[in-house]
$ cat model15.cif   # mmCIF, C-alpha atoms
data_data
loop_
_atom_site.label_atom_id
_atom_site.label_comp_id
_atom_site.auth_asym_id
_atom_site.auth_seq_id
_atom_site.Cartn_x
_atom_site.Cartn_y
_atom_site.Cartn_z
CA MET A 1 143.78 195.78 182.22
CA THR A 2 140.50 196.38 183.95
CA ALA A 3 138.18 193.64 185.17
CA SER A 4 135.76 194.25 182.28
CA GLU A 5 138.61 194.11 179.75
CA LEU A 6 139.74 190.80 181.27
CA VAL A 7 136.21 189.40 180.85
CA ALA A 8 136.09 190.64 177.24
CA CYS A 9 139.46 189.04 176.50
CA ALA A 10 138.35 185.71 177.97
CA GLN A 11 135.14 185.85 175.92
CA ARG A 12 137.20 186.51 172.78
CA ILE A 13 139.25 183.39 173.50
CA ILE A 14 136.09 181.30 173.86
CA LYS A 15 134.57 182.68 170.65
CA ALA A 16 137.81 182.29 168.70
CA LYS A 17 138.17 178.66 169.80
CA GLU A 18 134.55 177.86 168.85
CA ASP A 19 134.94 179.56 165.47
CA SER A 20 138.29 177.86 164.91
CA VAL A 21 136.82 174.40 165.50
CA ALA A 22 133.95 175.15 163.12
CA LEU A 23 136.34 176.42 160.43
CA GLN A 24 138.63 173.41 160.78
CA LYS A 25 135.62 171.12 160.23
CA GLU A 26 134.55 173.20 157.25
CA ASN A 27 138.08 173.03 155.82
CA VAL A 28 138.01 169.21 155.97
CA LYS A 29 134.56 169.17 154.33
CA LEU A 30 135.71 171.48 151.53
CA ALA A 31 138.79 169.34 150.89
CA ALA A 32 136.56 166.27 150.52
CA GLU A 33 134.22 168.15 148.18
CA LYS A 34 137.17 169.28 146.07
CA THR A 35 138.38 165.71 145.71
CA GLU A 36 134.89 164.53 144.76
CA LEU A 37 134.50 167.30 142.17
CA TYR A 38 137.90 166.58 140.70
CA GLU A 39 137.04 162.88 140.34
CA GLN A 40 133.64 163.75 138.86
CA THR A 41 135.26 166.11 136.35
CA GLN A 42 137.87 163.52 135.38
CA ALA A 43 135.16 160.88 134.86
CA LEU A 44 133.20 163.24 132.60
CA ASP A 45 136.33 164.05 130.63
CA GLU A 46 136.96 160.33 130.10
CA LEU A 47 133.31 159.73 129.19
CA ARG A 48 133.43 162.42 126.51
CA GLY A 49 135.36 160.16 124.15
CA ARG A 50 132.83 157.35 124.45
CA ILE A 51 129.67 159.36 123.73
CA GLN A 52 127.78 158.27 120.65
CA ALA A 53 127.63 161.52 118.70
CA ASP A 54 124.65 160.36 116.66
CA SER A 55 122.53 159.65 119.75
CA ILE A 56 120.54 162.70 120.78
CA LYS A 57 119.65 161.07 124.11
CA ALA A 58 123.30 160.25 124.93
CA VAL A 59 124.49 163.73 123.99
CA ASN A 60 121.73 165.46 125.94
CA ASP A 61 122.39 163.26 128.99
CA PHE A 62 126.11 164.04 128.81
CA ASN A 63 125.46 167.77 128.44
CA ARG A 64 123.09 167.66 131.43
CA ARG A 65 125.79 165.97 133.52
CA ILE A 66 128.35 168.57 132.42
CA GLN A 67 125.97 171.38 133.43
CA ILE A 68 125.41 169.80 136.84
CA ASN A 69 129.19 169.49 137.25
CA HIS A 70 129.67 173.17 136.33
CA ASP A 71 126.95 174.19 138.81
CA ASP A 72 128.57 172.06 141.54
CA ILE A 73 131.93 173.71 140.85
CA LYS A 74 130.38 177.19 141.11
CA THR A 75 128.76 176.22 144.40
CA TYR A 76 132.05 174.83 145.72
CA ASN A 77 133.99 177.96 144.73
CA ALA A 78 131.39 180.17 146.44
CA ALA A 79 131.73 178.02 149.59
CA VAL A 80 135.52 178.45 149.48
CA ASN A 81 135.13 182.22 149.19
CA ALA A 82 132.74 182.23 152.17
CA TYR A 83 135.15 180.05 154.16
CA ASN A 84 138.04 182.41 153.38
CA ASP A 85 135.94 185.40 154.48
CA LYS A 86 135.25 183.67 157.82
CA ALA A 87 138.91 182.67 158.20
CA ASN A 88 140.01 186.26 157.53
CA ALA A 89 137.51 187.57 160.09
CA LEU A 90 138.75 185.09 162.69
CA ASN A 91 142.38 185.90 161.94
CA LEU A 92 141.55 189.60 162.43
CA LEU A 93 139.84 188.79 165.72
CA ASN A 94 142.91 186.83 166.79
CA GLY A 95 145.16 189.73 165.84
CA LYS A 96 142.96 192.10 167.79
CA TYR A 97 143.15 189.75 170.79
CA ASN A 98 146.94 189.61 170.55
CA THR A 99 147.13 193.39 170.37
CA GLU A 100 144.57 194.23 173.05
CA CYS A 101 144.90 191.27 175.40
CA GLY A 102 147.98 189.19 174.66
CA ASN A 103 150.70 190.56 176.94
CA ARG A 104 148.69 192.80 179.19
CA SER A 105 148.74 192.25 182.91
CA TYR A 106 145.66 192.05 185.08
CA ARG A 107 144.92 192.02 188.78
CA GLN A 108 144.89 188.65 190.49
CA SER A 109 141.68 189.69 192.28
CA ASP A 110 139.96 190.35 188.90
CA TYR A 111 141.07 186.91 187.70
CA ALA A 112 139.81 185.29 190.93
CA ASN A 113 136.35 186.84 190.37
CA LEU A 114 135.97 185.36 186.87
CA LYS A 115 133.47 182.59 186.19
CA PRO A 116 135.14 179.18 185.84
CA ASP A 117 134.73 179.02 182.04
CA LEU A 118 136.36 182.44 181.66
CA LYS A 119 139.22 181.42 183.97
CA ALA A 120 139.74 178.28 181.89
CA ALA A 121 139.84 180.39 178.74
CA ILE A 122 142.45 182.74 180.18
CA ASP A 123 144.51 179.77 181.42
CA SER A 124 144.27 177.84 178.19
CA LYS A 125 145.68 180.17 175.61
CA SER A 126 146.89 183.69 175.26
CA GLU A 127 147.86 183.59 171.59
CA PHE A 128 146.23 182.10 168.55
CA SER A 129 147.55 180.67 165.36
CA ASP A 130 146.06 181.85 162.11
CA ILE A 131 143.37 179.81 160.40
CA PRO A 132 144.64 178.80 156.98
CA LEU A 133 142.98 180.24 153.91
CA ILE A 134 142.26 178.07 150.92
CA GLU A 135 144.53 179.48 148.25
CA GLU A 136 143.00 180.97 145.12
CA ASP A 137 144.85 178.67 142.72
CA SER A 138 143.94 175.57 144.70
CA ASN A 139 140.28 176.35 145.39
CA ALA A 140 138.96 176.51 141.88
CA VAL A 141 137.99 173.18 140.53
CA SER A 142 137.67 173.60 136.82
CA ALA A 143 135.44 171.98 134.30
CA PRO A 144 136.77 169.74 131.56
CA ALA A 145 139.16 171.75 129.45
CA ARG A 146 137.77 171.19 126.00
CA ASN A 147 135.54 174.00 124.73
CA SER A 148 132.50 174.60 126.91
CA GLY A 149 132.58 171.06 128.23
CA GLN A 150 129.45 170.16 126.34
CA PHE A 151 129.23 167.72 123.49
CA HIS A 152 127.29 168.65 120.38
CA ILE A 153 125.59 166.50 117.78
CA PRO A 154 127.27 167.03 114.42
CA ALA A 155 125.11 168.55 111.71
CA ARG A 156 123.69 166.02 109.28
CA SER A 157 124.03 166.48 105.60
CA THR A 158 120.75 167.18 103.80
CA ARG A 159 122.06 165.98 100.43
#

$ encode --input "model15.cif" --output "structure tokens"
Amino acid sequence: MTASELVACAQRIIKAKEDSVALQKENVKLAAEKTELYEQTQALDELRGRIQADSIKAVNDFNRRIQINHDDIKTYNAAVNAYNDKANALNLLNGKYNTECGNRSYRQSDYANLKPDLKAAIDSKSEFSDIPLIEEDSNAVSAPARNSGQFHIPARSTR
């Protein structure tokens, strides 16, 4: 490979490592959010049976909490989709590196002329592992299963 291709390959390694670290942190954050949402959803499901159906205030408060939970779940699922898009892009970049840089030889003199950070990148890793995607069936946190999740005040008899 040429000297400029060697520089480009080293820069790809640096970028891929930075992006990989960021995605790994994001993956941990999303896992924690998923656990929190699951616990929140379970608590709301348990609370449903204790709501005083004849209390407008209690029903409205519960319905507000359910709506917040649904909104949080939508936000989480959008964050998972964005994460997966970034992971796919990084995995494509890694594949491109493996194809264009992985097993290609370069001149020792071109390597010797690299800046220290680029040399370190070349020395550190020539192949990448894929960044894991968050699977479709495991990303979606769902709202309580019963109906719309909201509780409704029963109609009162006018007799």

$ closest_atom_pairs --input "model15.cif" --of "region 57-134 of chain A" --to "region 19-25 of chain A" --cutoff "8 Å" --atoms "all atoms listed in the file" --output "CSV"
residue,atom,partner,partner_atom,distance
A:Tyr83,CA,A:Leu23,CA,7.3
A:Lys86,CA,A:Leu23,CA,7.8
A:Ala87,CA,A:Leu23,CA,7.1
A:Leu90,CA,A:Asp19,CA,7.3
A:Ile131,CA,A:Ser20,CA,7.1

$ resolve_selection --input "model15.cif" --expression "the PyMOL selection byres ((chain A and resi 109-120) around 12)" --output "ChimeraX atom specification"
/A:1-15,105-108,121-126

$ atom_distance --input "model15.cif" --atom1 "CA of Glu36 (chain A)" --atom2 "CA of Ala78 (chain A)"
16.1 Å

$ atom_distance --input "model15.cif" --atom1 "CA of Ile73 (chain A)" --atom2 "CA of Ile51 (chain A)"
22.5 Å

$ atom_distance --input "model15.cif" --atom1 "CA of Ala31 (chain A)" --atom2 "CA of Asn69 (chain A)"
16.7 Å
